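Structure first, then comments.
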Amino acid sequence: MEKKKFYVTTPIYYPSAKPHLGHAYCSTLADVVARGKRLRGYEVYFLTGLDEHGEKIQENAAAKGVSPQEFVDGVAEIFLKLWKALRLSNDDFIRTTQERHVKTVQAIFHKFIEDGDVYLGSYKGWYCVHEESYWTETQVGPEHLCPDCGRPVEQKSEEAYFFNCGKYVDSLLKYYDANPKFITPVGRKTEMINNFIKPGLNDLCVTRTTFDWGVPVLEKEGHVVYVWLDALTNYISALGYGQEDHSLFDKFWGEDSEIVHIVGADITRFHTIYWPMFLEALGLRKPDRVFVHGLLMMKDGKMSKSKGNVVYVEPLIERYGVDAVRYFLTREIVFGMDGTFTPEQFVERINNDLANDFGNLLNRTLGMLGKYYGGTVSARYEEAYDALDKELLNKAKATVKEYEILNDDLKVTESYAAVMDLVSSANKYIQDKAPWALAKDETKKKELSNAMNILCSIIFLAGTLLSPVLVDKAPELFDQLGLKEEERTYEKAISLESLEGTLTHKGNLLFPRLETEKEIAFIKDLMAGPKEKAAA
Ligand code: MSP
């Protein structure tokens, strides 16, 4: 059954610090997926948000001398500002401190208690009184010392609720088997089974009593819901599950909706083991796919605040425009694999693909159209098509098919690479056809007219297929092509129909070439931490 409703989510981020390029990566790709589906006529709901509870947040707030709510409100502003700058098209922004979310979490917990899916037990572990935290046997080592402060730890136990995982393991494995694409890339599934399920899954401790910045368990004073159960619930609380108005939930969590969670490799386990179990306990359907993207690495490892190697997005957007950043993230880092960020790759990617290939195609075409036809798209004479015309048009049709199949399979990078391959073919077509030579030959009028006409349709198509990424420049490109708002549709673009008679306007360069050395130096400077800067 082809599903025409599409629900896509990002993880909800910890608002513990300012977001960096790594967070932007996940959100941008989810946005490209959402926009790609909308473009093709799907009804899409795109969700992102923040995971605002938990001990860490409480500690961070205390360190700043503000209340946890004040703290998360401040960071939320920064996230929202960045998402706006990145032009995310999310339909909602869920925050786990919102009342609607808290209500859903409490309703779920209540149902778990009623149905016997959670039970009261005791949590045992090595406890550090100073740090107020539990550690595992491996973490404390043979000396039994706190890995954080080095003080001796003690065995302690406290009352807690546990989720009965044993009840759902078999059915989870069956779901994996019946839905081979549930976890993608598929290597992640093997990892989950071998590392976590085969060795035996312990029941999951789902409440805490050592801190209070969380959703209170109404049935038991002093207990707050474990932050991961709280966080995962966002995917349905945002749709109204357990609330008065659950129409969005009915629509986008129904069997006829495709549900895709996009997550980083670090949180696969929660999304592919516990989340489906919670859903099963609630009697709800499971997501179609959990798509695990890779991490954005720097030369010295994963980009993370604790490593001090983060790159912030704002200065990149300011200098190169949002499309350059979105394009780099989509095209350079293969979705599903780890990728690296280097200034050299960034500049080279933008120059090669956007300035040279795509930008040139547009400029040369509109330039020649201006020269030979006063800017009006020339006529198409199908009877005069030659092998080159047919080859390019066939390639364009094949590209559309490939683009759709790859996009549906979340092979996002590959789908945009296919479009850029078409762009290269169109540039080669110009080289091979040499319209400047045709223009000098009175007997080649129809050939010239065809060439310019076909190129305009190809540019319209490529611009349309790239529009989920190039959100800023695609409309400008359509302006230059002289297309009216109502003409800018996916159907029209993929039909490759003749745009004869349309008056084009050659405008500013959409993607000016970057001065390689200068821009590499600029980005390197952004990446230099305070220490390196001081030493320089
Ligand atoms: N709050 C949890 C998620 C709960 S979802 C129900 C969490 N938050 S997080 O802010 O630490 O990380 C969220 C996601 O950010 C990661 O899964 C990943 O998608 C993304 N990334 C964080 N750093 C990243 C990179 N360096 N590279 C790519 N993505 C990164 O875990």
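By order in the structure tokens, chains are A, B, ...; within a chain, residues start at 1; ligands start at 1, following the order shown.
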With region 386-394 of chain A as the partner and 12 Å as the cut-off, tabulate the residues of region 436-487 of chain A that qualify, each row holding the nearest pair of atoms and their distance in Å to one decimal, using only C-alpha atoms, sorted by chain and rising number, as a tab-separated table.
residue	atom	partner	partner_atom	distance
A:Lys444	CA	A:Asp386	CA	11.7
A:Lys446	CA	A:Asp386	CA	10.8
A:Glu447	CA	A:Asp386	CA	8.2
A:Leu448	CA	A:Asp389	CA	10.9
A:Ser449	CA	A:Asp389	CA	11.5
A:Asn450	CA	A:Asp389	CA	8.0
A:Ala451	CA	A:Asp389	CA	7.2
A:Met452	CA	A:Asp389	CA	10.6
A:Asn453	CA	A:Asp389	CA	10.4
A:Ile454	CA	A:Asp389	CA	7.6
A:Leu455	CA	A:Leu392	CA	9.2
A:Cys456	CA	A:Leu393	CA	11.7
A:Ser457	CA	A:Leu393	CA	9.3
A:Ile458	CA	A:Leu393	CA	8.0
A:Ile459	CA	A:Leu393	CA	11.8
A:Leu461	CA	A:Leu393	CA	10.9
- Query: Using only C-alpha atoms and all ligand atoms, which protein or nucleic acid residues are at most 9 Å from ligand 1, as a PyMOL selection string?
  - Reply: chain A and resi 10-17+19-27+49-52+227-235+262-268+270-271+275+292-298+301-305+310+338-339
Write a file of the selected residues as an mmCIF file, in the first residue's frame, keeping C-alpha atoms.
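Printed below is result_34.cif as written:
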data_model
loop_
_atom_site.group_PDB
_atom_site.id
_atom_site.type_symbol
_atom_site.label_atom_id
_atom_site.label_comp_id
_atom_site.auth_asym_id
_atom_site.auth_seq_id
_atom_site.Cartn_x
_atom_site.Cartn_y
_atom_site.Cartn_z
ATOM 1 C CA THR A 10 14.134 14.403 14.645
ATOM 2 C CA PRO A 11 15.367 13.453 18.104
ATOM 3 C CA ILE A 12 14.419 16.035 20.673
ATOM 4 C CA TYR A 13 17.679 17.681 21.639
ATOM 5 C CA TYR A 14 18.982 18.308 25.146
ATOM 6 C CA PRO A 15 18.951 22.056 25.656
ATOM 7 C CA SER A 16 22.084 21.771 27.744
ATOM 8 C CA ALA A 17 24.089 24.084 25.505
ATOM 9 C CA PRO A 19 23.337 23.746 19.215
ATOM 10 C CA HIS A 20 26.230 23.114 16.813
ATOM 11 C CA LEU A 21 26.621 21.824 13.266
ATOM 12 C CA GLY A 22 26.057 18.225 14.470
ATOM 13 C CA HIS A 23 22.539 19.053 15.687
ATOM 14 C CA ALA A 24 21.917 21.141 12.588
ATOM 15 C CA TYR A 25 22.924 18.160 10.475
ATOM 16 C CA CYS A 26 20.159 15.902 11.759
ATOM 17 C CA SER A 27 17.502 18.607 11.625
ATOM 18 C CA GLY A 49 11.696 19.761 19.757
ATOM 19 C CA LEU A 50 13.580 19.690 23.037
ATOM 20 C CA ASP A 51 14.174 17.131 25.773
ATOM 21 C CA GLU A 52 14.102 19.394 28.793
ATOM 22 C CA VAL A 227 13.985 10.857 31.093
ATOM 23 C CA TRP A 228 14.039 8.425 28.152
ATOM 24 C CA LEU A 229 10.465 7.244 28.659
ATOM 25 C CA ASP A 230 9.525 10.894 29.010
ATOM 26 C CA ALA A 231 11.471 11.883 25.872
ATOM 27 C CA LEU A 232 10.340 9.098 23.539
ATOM 28 C CA THR A 233 6.744 9.917 24.352
ATOM 29 C CA ASN A 234 7.182 13.267 22.547
ATOM 30 C CA TYR A 235 6.555 11.569 19.215
ATOM 31 C CA ILE A 262 15.507 10.045 12.160
ATOM 32 C CA VAL A 263 18.082 9.565 14.909
ATOM 33 C CA GLY A 264 21.811 9.660 15.508
ATOM 34 C CA ALA A 265 23.711 6.418 15.991
ATOM 35 C CA ASP A 266 24.175 7.216 19.675
ATOM 36 C CA ILE A 267 20.497 6.779 20.491
ATOM 37 C CA THR A 268 19.550 3.837 18.301
ATOM 38 C CA PHE A 270 16.279 3.593 22.814
ATOM 39 C CA HIS A 271 14.426 4.022 19.542
ATOM 40 C CA TRP A 275 10.245 2.621 22.073
ATOM 41 C CA VAL A 292 20.086 6.013 11.840
ATOM 42 C CA HIS A 293 22.287 8.749 10.447
ATOM 43 C CA GLY A 294 26.001 8.933 11.041
ATOM 44 C CA LEU A 295 27.881 11.414 13.137
ATOM 45 C CA LEU A 296 29.527 14.529 11.945
ATOM 46 C CA MET A 297 33.186 14.187 12.715
ATOM 47 C CA MET A 298 36.041 16.609 12.854
ATOM 48 C CA GLY A 301 36.789 12.811 16.293
ATOM 49 C CA LYS A 302 33.090 13.390 16.916
ATOM 50 C CA MET A 303 32.018 16.979 16.987
ATOM 51 C CA SER A 304 30.950 17.653 20.541
ATOM 52 C CA LYS A 305 31.006 20.417 23.073
ATOM 53 C CA VAL A 310 32.394 22.321 17.606
ATOM 54 C CA ASP A 338 29.695 9.155 9.404
ATOM 55 C CA GLY A 339 31.068 12.182 7.631
#
Residues of region 57-154 of chain A that approach region 466-475 of chain A to 10 Å or less, counting only C-alpha atoms: could you list each one with the shortest pair of atoms and its distance in Å to one decimal, rows by chain and increasing residue number, as CSV?
residue,atom,partner,partner_atom,distance
A:Leu86,CA,A:Val471,CA,9.4
A:Arg87,CA,A:Val471,CA,7.5
A:Leu88,CA,A:Val471,CA,9.6
- Task: Excluding Thr104 (chain A) and residues on its chain fewer than 5 positions from it, collect all residues at most 9 Å away from it, counting only C-alpha atoms, and give them as a list in words.
- Result: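 Final neighbour list, sorted by chain and number: Glu99, Phe109, Thr233, Asn234, Ile236, Ser237, Gly240, Tyr241, Gly242 and Gln243 of chain A.
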- Message: Considering only alpha helix (DSSP H) as DSSP defines it on the backbone, what residues of region 380-467 of chain A qualify? List them as number ranges by chain.
- Response: A: 387-408, 412-433, 435-438, 445-466
Output file for the selection above: C-alpha atoms, as an mmCIF file, in the first residue's frame:
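Full text of selection-v3.cif as output:
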data_model
loop_
_atom_site.group_PDB
_atom_site.id
_atom_site.type_symbol
_atom_site.label_atom_id
_atom_site.label_comp_id
_atom_site.auth_asym_id
_atom_site.auth_seq_id
_atom_site.Cartn_x
_atom_site.Cartn_y
_atom_site.Cartn_z
ATOM 1 C CA ALA A 387 20.351 11.778 -30.640
ATOM 2 C CA LEU A 388 21.756 14.262 -28.115
ATOM 3 C CA ASP A 389 18.333 15.815 -27.452
ATOM 4 C CA LYS A 390 16.732 12.423 -26.971
ATOM 5 C CA GLU A 391 19.534 11.208 -24.760
ATOM 6 C CA LEU A 392 19.286 14.202 -22.433
ATOM 7 C CA LEU A 393 15.488 14.037 -22.207
ATOM 8 C CA ASN A 394 15.609 10.316 -21.491
ATOM 9 C CA LYS A 395 18.210 10.837 -18.854
ATOM 10 C CA ALA A 396 15.997 13.502 -17.244
ATOM 11 C CA LYS A 397 13.034 11.124 -17.117
ATOM 12 C CA ALA A 398 15.186 8.374 -15.628
ATOM 13 C CA THR A 399 16.535 10.845 -13.058
ATOM 14 C CA VAL A 400 13.029 11.632 -11.825
ATOM 15 C CA LYS A 401 12.327 7.946 -11.253
ATOM 16 C CA GLU A 402 15.625 7.411 -9.529
ATOM 17 C CA TYR A 403 15.144 10.509 -7.373
ATOM 18 C CA GLU A 404 11.748 9.327 -6.187
ATOM 19 C CA ILE A 405 12.872 5.789 -5.426
ATOM 20 C CA LEU A 406 16.003 6.923 -3.603
ATOM 21 C CA ASN A 407 14.102 9.535 -1.621
ATOM 22 C CA ASP A 408 11.447 7.068 -0.573
ATOM 23 C CA VAL A 412 18.864 11.296 0.484
ATOM 24 C CA THR A 413 22.449 12.015 -0.512
ATOM 25 C CA GLU A 414 22.227 9.638 -3.447
ATOM 26 C CA SER A 415 18.984 11.203 -4.632
ATOM 27 C CA TYR A 416 20.577 14.650 -4.832
ATOM 28 C CA ALA A 417 23.715 13.223 -6.400
ATOM 29 C CA ALA A 418 21.460 11.858 -9.154
ATOM 30 C CA VAL A 419 20.088 15.342 -9.818
ATOM 31 C CA MET A 420 23.581 16.799 -9.953
ATOM 32 C CA ASP A 421 24.530 14.096 -12.403
ATOM 33 C CA LEU A 422 21.738 15.304 -14.659
ATOM 34 C CA VAL A 423 23.096 18.839 -14.283
ATOM 35 C CA SER A 424 26.518 17.623 -15.448
ATOM 36 C CA SER A 425 24.910 15.898 -18.418
ATOM 37 C CA ALA A 426 23.167 19.130 -19.356
ATOM 38 C CA ASN A 427 26.487 20.986 -19.256
ATOM 39 C CA LYS A 428 28.019 18.329 -21.449
ATOM 40 C CA TYR A 429 25.049 18.651 -23.805
ATOM 41 C CA ILE A 430 25.831 22.351 -24.212
ATOM 42 C CA GLN A 431 29.430 21.470 -24.990
ATOM 43 C CA ASP A 432 28.412 18.810 -27.527
ATOM 44 C CA LYS A 433 25.635 20.817 -29.183
ATOM 45 C CA PRO A 435 24.643 26.342 -29.751
ATOM 46 C CA TRP A 436 27.041 29.173 -30.686
ATOM 47 C CA ALA A 437 27.923 27.206 -33.831
ATOM 48 C CA LEU A 438 24.274 26.380 -34.574
ATOM 49 C CA LYS A 445 17.437 27.119 -36.731
ATOM 50 C CA LYS A 446 15.243 24.325 -35.420
ATOM 51 C CA GLU A 447 18.202 22.599 -33.761
ATOM 52 C CA LEU A 448 19.176 25.769 -31.934
ATOM 53 C CA SER A 449 15.614 26.403 -30.897
ATOM 54 C CA ASN A 450 15.305 22.859 -29.562
ATOM 55 C CA ALA A 451 18.541 23.041 -27.651
ATOM 56 C CA MET A 452 17.585 26.219 -25.807
ATOM 57 C CA ASN A 453 14.072 24.988 -25.169
ATOM 58 C CA ILE A 454 15.207 21.639 -23.770
ATOM 59 C CA LEU A 455 17.814 23.276 -21.551
ATOM 60 C CA CYS A 456 15.153 25.470 -19.948
ATOM 61 C CA SER A 457 12.995 22.444 -19.138
ATOM 62 C CA ILE A 458 15.995 20.639 -17.680
ATOM 63 C CA ILE A 459 16.899 23.620 -15.496
ATOM 64 C CA PHE A 460 13.309 23.880 -14.287
ATOM 65 C CA LEU A 461 13.369 20.179 -13.461
ATOM 66 C CA ALA A 462 16.736 20.259 -11.685
ATOM 67 C CA GLY A 463 15.733 23.385 -9.724
ATOM 68 C CA THR A 464 12.508 21.708 -8.650
ATOM 69 C CA LEU A 465 14.180 18.482 -7.574
ATOM 70 C CA LEU A 466 16.784 20.489 -5.647
#
- Item | Backbone-only DSSP, strand (DSSP E or B) members of region 100-259 of chain A, as a PyMOL selection string | chain A and resi 118-128+133-135+145+152+154-163+183-184+204-205+207-208+216+224-225+257-259
Each region 178-283 of chain A residue no farther than 12 Å from region 152-170 of chain A, nearest pair in Å, only C-alpha atoms, as a tab-separated table:
residue	atom	partner	partner_atom	distance
A:Ile193	CA	A:Val169	CA	10.6
A:Phe196	CA	A:Val169	CA	11.1
A:Ile197	CA	A:Val169	CA	7.9
A:Lys198	CA	A:Val169	CA	10.1
A:Gly200	CA	A:Gly166	CA	8.9
A:Leu201	CA	A:Cys165	CA	7.0
A:Asn202	CA	A:Cys165	CA	7.0
A:Asp203	CA	A:Cys165	CA	5.1
A:Leu204	CA	A:Phe163	CA	5.1
A:Cys205	CA	A:Phe162	CA	4.4
A:Val206	CA	A:Phe162	CA	5.5
A:Thr207	CA	A:Tyr161	CA	5.5
A:Arg208	CA	A:Ala160	CA	6.4
A:Thr209	CA	A:Ala160	CA	7.5
A:Thr210	CA	A:Glu158	CA	9.0
A:Val217	CA	A:Tyr161	CA	10.0
A:Glu219	CA	A:Tyr161	CA	11.0
A:Lys220	CA	A:Tyr161	CA	9.7
A:Glu221	CA	A:Ala160	CA	11.3
A:Gly222	CA	A:Glu159	CA	10.1
A:His223	CA	A:Ala160	CA	7.6
A:Val224	CA	A:Ala160	CA	9.6
A:Val225	CA	A:Tyr161	CA	9.0
A:Tyr226	CA	A:Tyr161	CA	9.5
A:Leu229	CA	A:Phe163	CA	10.0
A:Thr272	CA	A:Val169	CA	11.6
A:Ile273	CA	A:Val169	CA	8.6
A:Tyr274	CA	A:Cys165	CA	8.0
A:Trp275	CA	A:Cys165	CA	11.0
A:Pro276	CA	A:Tyr168	CA	9.0
A:Met277	CA	A:Tyr168	CA	6.0
A:Phe278	CA	A:Phe163	CA	8.7
A:Leu279	CA	A:Tyr168	CA	10.2
A:Glu280	CA	A:Tyr168	CA	7.7
A:Ala281	CA	A:Tyr168	CA	8.0
A:Leu282	CA	A:Tyr168	CA	11.6
A:Gly283	CA	A:Tyr168	CA	11.8
Would you mind exporting the chosen residues as a PDB file, in the first residue's frame, restricted to C-alpha atoms?
ATOM      1  CA  ILE A 193      20.424  -7.891  18.516  1.00  0.00           C
ATOM      2  CA  PHE A 196      21.677  -5.864  23.729  1.00  0.00           C
ATOM      3  CA  ILE A 197      18.967  -8.406  23.036  1.00  0.00           C
ATOM      4  CA  LYS A 198      20.953 -11.666  22.858  1.00  0.00           C
ATOM      5  CA  GLY A 200      19.454 -10.769  27.811  1.00  0.00           C
ATOM      6  CA  LEU A 201      17.558  -7.584  28.269  1.00  0.00           C
ATOM      7  CA  ASN A 202      17.088  -6.414  31.854  1.00  0.00           C
ATOM      8  CA  ASP A 203      13.837  -4.790  32.818  1.00  0.00           C
ATOM      9  CA  LEU A 204      14.181  -1.053  32.409  1.00  0.00           C
ATOM     10  CA  CYS A 205      14.117   1.201  35.433  1.00  0.00           C
ATOM     11  CA  VAL A 206      11.592   3.878  34.503  1.00  0.00           C
ATOM     12  CA  THR A 207      11.380   6.150  37.540  1.00  0.00           C
ATOM     13  CA  ARG A 208      13.879   8.089  39.619  1.00  0.00           C
ATOM     14  CA  THR A 209      13.716   9.451  43.154  1.00  0.00           C
ATOM     15  CA  THR A 210      17.115  11.149  43.524  1.00  0.00           C
ATOM     16  CA  VAL A 217       4.438   9.972  38.778  1.00  0.00           C
ATOM     17  CA  GLU A 219       0.584   7.277  41.635  1.00  0.00           C
ATOM     18  CA  LYS A 220       3.723   7.500  43.775  1.00  0.00           C
ATOM     19  CA  GLU A 221       5.027  10.587  45.484  1.00  0.00           C
ATOM     20  CA  GLY A 222       8.694  11.389  45.067  1.00  0.00           C
ATOM     21  CA  HIS A 223       9.024   9.512  41.768  1.00  0.00           C
ATOM     22  CA  VAL A 224       9.659  11.204  38.437  1.00  0.00           C
ATOM     23  CA  VAL A 225       9.473   9.417  35.101  1.00  0.00           C
ATOM     24  CA  TYR A 226      12.836   8.314  33.643  1.00  0.00           C
ATOM     25  CA  LEU A 229      10.465   7.244  28.659  1.00  0.00           C
ATOM     26  CA  THR A 272      14.648   0.482  18.254  1.00  0.00           C
ATOM     27  CA  ILE A 273      14.303  -1.548  21.460  1.00  0.00           C
ATOM     28  CA  TYR A 274      12.440   0.332  24.181  1.00  0.00           C
ATOM     29  CA  TRP A 275      10.245   2.621  22.073  1.00  0.00           C
ATOM     30  CA  PRO A 276       8.605  -0.216  20.101  1.00  0.00           C
ATOM     31  CA  MET A 277       8.070  -2.085  23.375  1.00  0.00           C
ATOM     32  CA  PHE A 278       6.380   0.903  25.002  1.00  0.00           C
ATOM     33  CA  LEU A 279       4.165   1.263  21.947  1.00  0.00           C
ATOM     34  CA  GLU A 280       3.231  -2.373  22.001  1.00  0.00           C
ATOM     35  CA  ALA A 281       2.341  -2.117  25.674  1.00  0.00           C
ATOM     36  CA  LEU A 282       0.060   0.783  24.777  1.00  0.00           C
ATOM     37  CA  GLY A 283      -1.519  -1.232  21.979  1.00  0.00           C
TER      38      GLY A 283
END
- Quick one: pull the distance between CA of Ala521 (chain A) and CA of Asn352 (chain A), Å, one decimal.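 For CA of Ala521 (chain A) relative to CA of Asn352 (chain A), the distance reads 18.4 Å.
Shortest atom-to-atom contact with Phe252 (chain A) among A:Gln345, A:Thr9, A:Ser498, A:Ser122: A:Thr9, counting only C-alpha atoms.
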- Message: One number please: CA of Leu239 (chain A) to CA of Ala34 (chain A), in Å, one decimal.
- Response: 16.6 Å
